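Below you'll find the structure, written out as structure tokens, and then a few comments.
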Amino acid sequence: MEFRQAYYDEPLIKDIRSDSTFKISEDVDENLLSQDLKRKDLNLPEVSEVDVVRHYTRLSQMNYTVDVGIYPLGSCTMKYNPKYADRIASYEEFRNVHPFQPESTVQGTLQVMYELQEFLKKISDMDAVTLQPMAGADGEFTGILIIKKYFEDRHEDRTEIIIPDSAHGTNPASATMGGFDVVEIPSNSDGMVDLSALKAAVSKKTAAFMITNPNTLGIFEQHIVEIAKIIHDAGALLYYDGANLNAIFGITSPGIMGFDIVHFNLHKSFATPHGGGGPGAGPVAVKAFLSDFLPVPVVGYDGRRYFLDYGRKKSIGKVSSFYGSFSVLLRAWSYVIKNGDEGLKNATIRAVLNSNYLKKKVEGYYEVPYYPLKKHEFVLSTENTGRRALDIGKYLLDYGIHSPTVYFPLIVKEAMMIEPTETVSKADLDTYADVLISALKVPEEDLKSRPRNTAVSRIDEVKAARDLKVRW
Amino acid sequence: MDELLSMLNFMGMKEPEDLFSDVPGSVRKRSIGIGSGLDEHQVVERALELGRKNSIGMLNFLGNGIYDRIIPEAVNYILSKPEFLDSYTPYQPEISQGMLQSLFEYQSLISDLMAMDVTNASMYDGYSALGEAARMAYRINGKKKILIPDSTYDSKLSVLKNYVWGLNMEIIRYKIGNDGMIDLDDLSSKIDDETSAVVVENPNGYGILDKNVFAVKDIKKDAALIAYVDPISLGAVKPPGEYGADIAVAEGQQLGIPMNFGGPLLGIMSFKMDHIRRSPGRIIGESVDSNGRRAYVMTLQTREQHIRRAKATSNICSNQALLTLAASAYLSIMGSSGLKKVALLTIKHSRMLKEKLSAAGIKPYFDTESFSDVMFRLNREVMEGLASRGILGGLKLTSLIKDTSLRDATFFTVTEKTDAEKIEKLAKALEVI
Ligand SMILES: Cc1ncc(COP(=O)(O)O)c(C=O)c1O
């Protein structure tokens, strides 16, 4: 497919000069504020509304979106974001609500939150939910603090969190933010948790084991029951990174597998927009014995009315300003009621099918290491081809399709982590496979000169770090 | 369905079940149990049905962190563009220049607004930005005491505590005096060689525009100065860079983001250039492409979790990128003149409110200038009574600071929208409840 991304030599907004058209009629005395409080000067742009709209419209045309094509960033779950959810999130009835309004005036909002809590419990087979964390990593941090408080409450001095070497970077980062030491364990030759390494790492100092299942290689941890037993026998807790929950809707659940704490990535599994990097939402669910440690408030229901429930004696307190990313929660709620049991399970089936199908199409050309059956994503290595994952990723861009995640997980050399999601067709996958394969037939120097059809060509990252021009 | 079968066949499989042969029977789930799905129109109907259970169109005098301000319709429009809404972190910069340039502009606009050197590409919200700022102060000077005023709200303090818990930092409160401003003697007496950071708020938790904040740089010794500010006030009021702040943080919701029951929000974080390598979050830098064209890219990533893992400066990954776009579009449409007007109208209205309510026998707590949140002496509970008359307002300080000694303090909040007529309505309603 021929592709050419738009390019504008678009000036910075401060260099667009047209008089501001913003207007409020009410008069105000320019010298109202006393001299000692006043700022010296302020040089914001003065631009007319139409020029602001044109500026951002031109910029938007220099940005890829899931609405133009496959966006198979592994681990990021770039599903199509359904339009009904956007519409619902735009309703004034929900947007125009203040967090301190009397509960009697926000019953609809609270009901959405309560129902979402219930849905998340059912999907995960956990017992209690907080919607407060702002993203996946924030959910991890919340989970880590719950672990910390739980052991403090039990007067147990546990200082270590065990994490597999395939884990996402936020896992170890969240653990150290909570003051824990990270113990990293290797994966086995199947790309799964190495049970003997786990047994060797576990001790009285172990507070928790943090994993995702399927893991970041897209491989299901088949020994999960045994893993849970090893961890629980040691008196430690099992944490589920829910970034990959979309691989198991209706198939299994963290609760059944023996996890004690789970975070959800609503912007991944529940198809809420990624917003060019955020906002997301990272609710956390726990088993009943940890429920008292959740952040407050949780939304309660007494059979008559919904309310903000602050009654948790051992609560870790608060992890964000109010009650969570409401408009993201609302979209996720609408996605769940739209899909229901069957829809969610079918999304999982199709996501797993797409991933395995694409894997099968490219595996004669690229090495796909470890256990062969994958879940919603798979990781190939370009090492055997003598080409760099980075270069192949750039080549894909020239066909108007997005690169997979590259160089993650760290345990695969020259890794490309591919997550097609369920919202692509067989035709999309066939094209993707064709382009991936054709990248191997292009001369090396040609690959290095990619991309050529995007707004700009390859960017000098070293210069960016050296010059550090981070503002106008 | 045909497509599904042909794909299964291609892989030598018969049925979808074959895709899950690696999931042990002992952990298989029967059914989710949330019932069957709905048609799209039914989903929309159900959402509207719940939405209508909220009371809308009420006159709003609530604030204390989230504000009902003018949002130009063009901001909503720009945010709805799928190229911004339905894309992700610009990991492939060549095909993501739109978001990258927009983030670079955000960093620049906010740096100008704060009069600070640098701004990162966002934190989750104001409170978590404060938590990250405290952790950053520790990375800068290795000290463990944080000073914060006793007017800081419990929930903000709780978030801060959680952020510094793992570092075992100690949080110490300093006093706000009877004029509603920092008690500089008290603060000064609490600063010592172990002080990592002094947190100042402007306006503070009592809504006061605090001049004493400007004097803190002279008494803080080697501690870092962290300023938590209201970004709208900066349209007129002295910004953190003018009074020596090392790190400036703010909640950016007021910059074009709807209230949405308090989320999603925008954590603003700016700092001095000297500290950039110790800072959390994504940062966009300008560079050139192989043809010499100006181009933007994420930079200094070696601070971040995906590279530095356990030693990263923060765990943040997904951030609030779309909301930075709201802030940029908002600030660009407003311009300096518009933002200044919004700030000054807010002050005009807070003075008007003090006058009107005083006349009705409800006295302001302080004579000092307030910004949006105006604190009054009022013993009665008026929130529900007002709500039944279509007015939101009358939040008690005790609901924000449980153990405050100011038991009768009650807030009414103004913005550029709450003009004389609306204030009159509030005053009238308060007379009868
Ligand atoms: C496996 C995994 N864990 C955690 C995260 C962190 O989630 P978030 O970006 O929402 O903070 C991600 C997302 O990037 C992920 O892929």
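Lettering and numbering for the structure tokens are positional, with chains as A, B, ... in the shown order, residues counted from 1 in each chain, and ligands counted from 1 in the shown order.
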
Output the neighbourhood of ligand 1 as a CSV table (one decimal) with N, CA and C atoms, in the first residue's frame, that is, all protein and nucleic acid residues with some atom at most 10 Å from the ligand, counting only C-alpha atoms and all ligand atoms.
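Wrote result_24.csv, looks like this:
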```
chain,number,residue,atom,x,y,z
A,73,LEU,N,1.5,-2.4,19.1
A,73,LEU,CA,2.5,-2.2,20.2
A,73,LEU,C,2.2,-3.3,21.3
A,74,GLY,N,3.2,-4.2,21.4
A,74,GLY,CA,3.0,-5.3,22.3
A,74,GLY,C,2.9,-4.7,23.7
A,75,SER,N,2.1,-5.3,24.6
A,75,SER,CA,1.8,-4.9,25.9
A,75,SER,C,1.0,-3.7,26.1
A,76,CYS,N,0.8,-2.9,25.0
A,76,CYS,CA,0.0,-1.7,25.1
A,76,CYS,C,-1.4,-1.8,24.8
A,77,THR,N,-1.8,-2.9,24.1
A,77,THR,CA,-3.1,-3.2,23.7
A,77,THR,C,-3.9,-2.1,23.1
A,133,PRO,N,-6.5,4.5,41.5
A,133,PRO,CA,-5.2,4.7,40.8
A,133,PRO,C,-5.4,5.2,39.4
A,134,MET,N,-4.5,6.0,38.9
A,134,MET,CA,-4.6,6.7,37.7
A,134,MET,C,-4.1,6.0,36.5
A,135,ALA,N,-3.3,4.9,36.6
A,135,ALA,CA,-2.8,4.2,35.5
A,135,ALA,C,-2.3,2.9,36.0
A,136,GLY,N,-1.8,2.0,35.1
A,136,GLY,CA,-1.3,0.7,35.5
A,136,GLY,C,-0.2,0.8,36.6
A,137,ALA,N,0.8,1.6,36.3
A,137,ALA,CA,1.9,1.8,37.2
A,137,ALA,C,1.4,2.3,38.6
A,138,ASP,N,0.4,3.2,38.6
A,138,ASP,CA,-0.1,3.7,39.8
A,138,ASP,C,-0.9,2.6,40.6
A,139,GLY,N,-1.5,1.7,39.8
A,139,GLY,CA,-2.1,0.5,40.4
A,139,GLY,C,-1.1,-0.3,41.1
A,140,GLU,N,0.0,-0.5,40.4
A,140,GLU,CA,1.1,-1.3,41.0
A,140,GLU,C,1.6,-0.7,42.3
A,141,PHE,N,1.8,0.6,42.3
A,141,PHE,CA,2.3,1.3,43.4
A,141,PHE,C,1.3,1.2,44.6
A,166,SER,N,11.6,-11.0,32.8
A,166,SER,CA,10.8,-10.6,31.7
A,166,SER,C,9.8,-9.5,32.0
A,167,ALA,N,9.8,-9.1,33.3
A,167,ALA,CA,8.8,-8.1,33.7
A,167,ALA,C,8.9,-6.8,33.1
A,168,HIS,N,7.8,-6.1,33.0
A,168,HIS,CA,7.7,-4.7,32.6
A,168,HIS,C,8.5,-3.8,33.6
A,169,GLY,N,9.1,-2.7,33.1
A,169,GLY,CA,9.9,-1.9,33.9
A,169,GLY,C,9.2,-1.2,35.1
A,170,THR,N,7.9,-1.0,34.9
A,170,THR,CA,7.1,-0.4,36.0
A,170,THR,C,7.1,-1.3,37.2
A,171,ASN,N,7.2,-2.6,37.0
A,171,ASN,CA,7.1,-3.5,38.2
A,171,ASN,C,8.2,-3.3,39.2
A,174,SER,N,8.0,0.3,40.6
A,174,SER,CA,7.0,0.5,41.7
A,174,SER,C,7.4,-0.1,43.0
A,211,ILE,N,3.9,-10.8,39.1
A,211,ILE,CA,4.0,-11.3,37.7
A,211,ILE,C,2.7,-11.0,36.9
A,212,THR,N,2.8,-11.2,35.6
A,212,THR,CA,1.7,-11.1,34.8
A,212,THR,C,1.5,-12.4,34.1
A,213,ASN,N,0.2,-12.8,33.8
A,213,ASN,CA,0.0,-14.1,33.2
A,213,ASN,C,-1.2,-14.0,32.2
A,214,PRO,N,-1.0,-14.2,30.9
A,214,PRO,CA,0.3,-14.5,30.3
A,214,PRO,C,1.4,-13.5,30.5
A,215,ASN,N,2.6,-13.9,30.5
A,215,ASN,CA,3.7,-13.0,30.7
A,215,ASN,C,4.0,-12.1,29.5
A,216,THR,N,5.1,-11.4,29.6
A,216,THR,CA,5.3,-10.4,28.6
A,216,THR,C,5.8,-11.0,27.3
A,217,LEU,N,6.1,-12.4,27.3
A,217,LEU,CA,6.4,-13.1,26.1
A,217,LEU,C,5.2,-13.6,25.4
A,240,TYR,N,-0.7,-9.6,40.7
A,240,TYR,CA,-1.0,-9.8,39.3
A,240,TYR,C,-1.0,-8.5,38.5
A,241,ASP,N,0.0,-8.3,37.6
A,241,ASP,CA,0.0,-7.1,36.7
A,241,ASP,C,-1.0,-7.4,35.6
A,242,GLY,N,-2.1,-6.6,35.7
A,242,GLY,CA,-3.2,-6.9,34.8
A,242,GLY,C,-3.1,-6.4,33.4
A,243,ALA,N,-1.9,-6.0,33.0
A,243,ALA,CA,-1.7,-5.4,31.7
A,243,ALA,C,-2.2,-6.4,30.6
A,244,ASN,N,-2.1,-7.7,30.9
A,244,ASN,CA,-2.4,-8.7,30.0
A,244,ASN,C,-3.7,-9.5,30.2
A,245,LEU,N,-4.6,-8.8,31.0
A,245,LEU,CA,-5.8,-9.5,31.4
A,245,LEU,C,-6.7,-9.7,30.2
A,263,HIS,N,-3.9,-5.4,39.5
A,263,HIS,CA,-4.4,-4.1,38.9
A,263,HIS,C,-4.9,-4.3,37.5
A,264,PHE,N,-5.8,-3.5,37.1
A,264,PHE,CA,-6.3,-3.5,35.8
A,264,PHE,C,-5.8,-2.3,35.0
A,265,ASN,N,-5.6,-2.5,33.7
A,265,ASN,CA,-5.3,-1.3,32.8
A,265,ASN,C,-6.5,-1.1,32.0
A,266,LEU,N,-7.4,-0.2,32.4
A,266,LEU,CA,-8.6,0.0,31.7
A,266,LEU,C,-8.4,0.5,30.3
A,267,HIS,N,-7.3,1.3,30.1
A,267,HIS,CA,-7.0,1.8,28.8
A,267,HIS,C,-6.4,0.7,27.9
A,268,LYS,N,-6.1,-0.4,28.4
A,268,LYS,CA,-5.7,-1.5,27.5
A,268,LYS,C,-6.9,-2.5,27.4
A,274,HIS,N,-6.0,5.8,24.5
A,274,HIS,CA,-4.7,6.0,25.2
A,274,HIS,C,-4.3,7.5,25.2
A,277,GLY,N,-0.7,8.9,25.1
A,277,GLY,CA,0.1,8.6,26.2
A,277,GLY,C,-0.6,8.5,27.5
A,278,GLY,N,-1.8,9.0,27.5
A,278,GLY,CA,-2.7,8.9,28.7
A,278,GLY,C,-3.8,9.9,28.6
A,279,PRO,N,-4.8,10.0,29.4
A,279,PRO,CA,-4.9,9.3,30.7
A,279,PRO,C,-5.3,7.8,30.6
A,280,GLY,N,-4.9,7.1,31.5
A,280,GLY,CA,-5.4,5.7,31.7
A,280,GLY,C,-6.2,5.6,33.0
A,281,ALA,N,-6.4,4.4,33.4
A,281,ALA,CA,-7.0,4.2,34.8
A,281,ALA,C,-6.5,2.8,35.2
A,282,GLY,N,-6.1,2.7,36.5
A,282,GLY,CA,-5.5,1.4,37.0
A,282,GLY,C,-6.1,0.9,38.3
A,405,THR,N,6.2,-3.0,19.6
A,405,THR,CA,7.1,-2.6,20.7
A,405,THR,C,8.5,-3.2,20.4
A,408,PHE,N,11.8,-4.9,24.0
A,408,PHE,CA,11.2,-5.3,25.2
A,408,PHE,C,10.4,-6.6,24.9
A,409,PRO,N,10.3,-7.6,25.7
A,409,PRO,CA,11.1,-7.8,27.0
A,409,PRO,C,12.6,-7.9,26.8
B,88,TYR,N,-0.9,6.5,21.1
B,88,TYR,CA,-0.3,6.2,22.4
B,88,TYR,C,1.1,7.0,22.5
B,89,THR,N,1.7,6.8,23.6
B,89,THR,CA,3.1,7.4,23.8
B,89,THR,C,3.9,7.3,22.5
B,305,GLN,N,11.6,4.2,33.9
B,305,GLN,CA,11.4,2.8,34.3
B,305,GLN,C,11.7,1.7,33.2
B,306,HIS,N,11.4,2.0,31.9
B,306,HIS,CA,11.6,1.0,30.9
B,306,HIS,C,13.1,0.8,30.7
B,315,ASN,N,8.1,5.4,38.7
B,315,ASN,CA,7.5,4.3,38.0
B,315,ASN,C,6.5,4.7,36.8
B,316,ILE,N,6.4,6.0,36.7
B,316,ILE,CA,5.3,6.5,35.8
B,316,ILE,C,5.6,6.1,34.3
B,317,CYS,N,4.5,5.6,33.7
B,317,CYS,CA,4.6,5.1,32.3
B,317,CYS,C,3.6,5.9,31.5
B,318,SER,N,2.3,5.4,31.4
B,318,SER,CA,1.2,6.2,30.9
B,318,SER,C,1.1,7.4,31.8
B,319,ASN,N,0.9,8.6,31.1
B,319,ASN,CA,0.8,9.8,31.9
B,319,ASN,C,-0.5,10.5,31.5
```

Quiz item: segment 250-318 of chain B: which residues are alpha helix (DSSP H) by DSSP, as an NGL selection string?
Solution: :B and (305-308)

Quiz item: Between A:Leu32, A:Met416, A:Ala332, A:Ile337, which one has atoms that come closest to Gly218 of chain A, using only C-alpha atoms?
Solution: A:Met416

Quiz prompt | Atomic distance atom CA of Val50 of chain A - atom CA of Glu83 of chain B, expressed in Å with one decimal | solution =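 Those two atoms sit 18.8 Å apart.
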
Quiz item: What gap, in Å, lies between atom CA of Phe22 of chain A and atom CA of Ile347 of chain B?
Solution: 19.4 Å

Exercise. With a distance cut-off of 7 Å and only C-alpha atoms, select the neighbouring residues of Asn81 of chain A, excluding the residue or stretch itself and same-chain residues fewer than 4 positions from it, and output the selection as a ChimeraX atom specification.
Key: /A:271-273 /B:86

Practice problem: Find the residue from A:Ala285, A:Leu131, A:Ile316, A:Val442 that sits nearest to chain B; use only C-alpha atoms when measuring. | Solution: A:Ile316

Quiz item: Which one of B:Ser233, B:Asn212, B:Ser151, B:Asn202 sits closest to Lys341 of chain B if you count only C-alpha atoms?
Solution: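 Under the stated criterion, the closest residue is B:Ser233.
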
Exercise. Tell me which protein, DNA and RNA residues are within 8 Å of Lys190 of chain B, counting only C-alpha atoms, leaving out same-chain ones fewer than 2 positions away, and put them as a PyMOL selection string.
Key: chain B and resi 147+174+186-188+192

Practice problem: List the neighbours of Arg173 of chain B out to 12 Å using only C-alpha atoms; skip same-chain residues closer than 2 positions along the sequence, and give me the result as number ranges by chain. | Solution: B: 145-154, 157, 170-171, 175-176, 182-183, 186-191, 197-200

Quiz prompt | Long-range neighbours of Ser80 of chain B as a ChimeraX atom specification, 12 Å cut-off, only C-alpha atoms, 3 positions minimum in chain | solution = /A:53,56-57,60,83,86-87,89-90,273,275-276 /B:73-77,83-87,322-323,325-326

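DSSP annotation of segment 31-204 of chain B from backbone atoms: strand (DSSP E or B) residues are Ser36, Asn54, Leu59, Asn60, Ser96, Val118, Thr119, Met123, Lys145, Ile146, Leu147, Ile148, Pro149, Glu170, Ile171, Ile172, Arg173, Tyr174, Ile176, Ile182, Thr195, Ser196, Ala197, Val198, Val199, Val200, Glu201 and Asn202 of chain B.
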
Quiz prompt | Which residue of A:Asn356, A:Ser291, A:His98, A:Lys205 approaches Phe61 of chain B most closely, using only C-alpha atoms | solution = A:His98

Practice problem: May I have the residues within 7 Å of segment 294-300 of chain B as a PyMOL selection string, using only C-alpha atoms and disregarding those fewer than 6 positions away in the same chain? | Solution: (chain A and resi 456+459+461+464-465) or (chain B and resi 93+97+100-101+282-288)
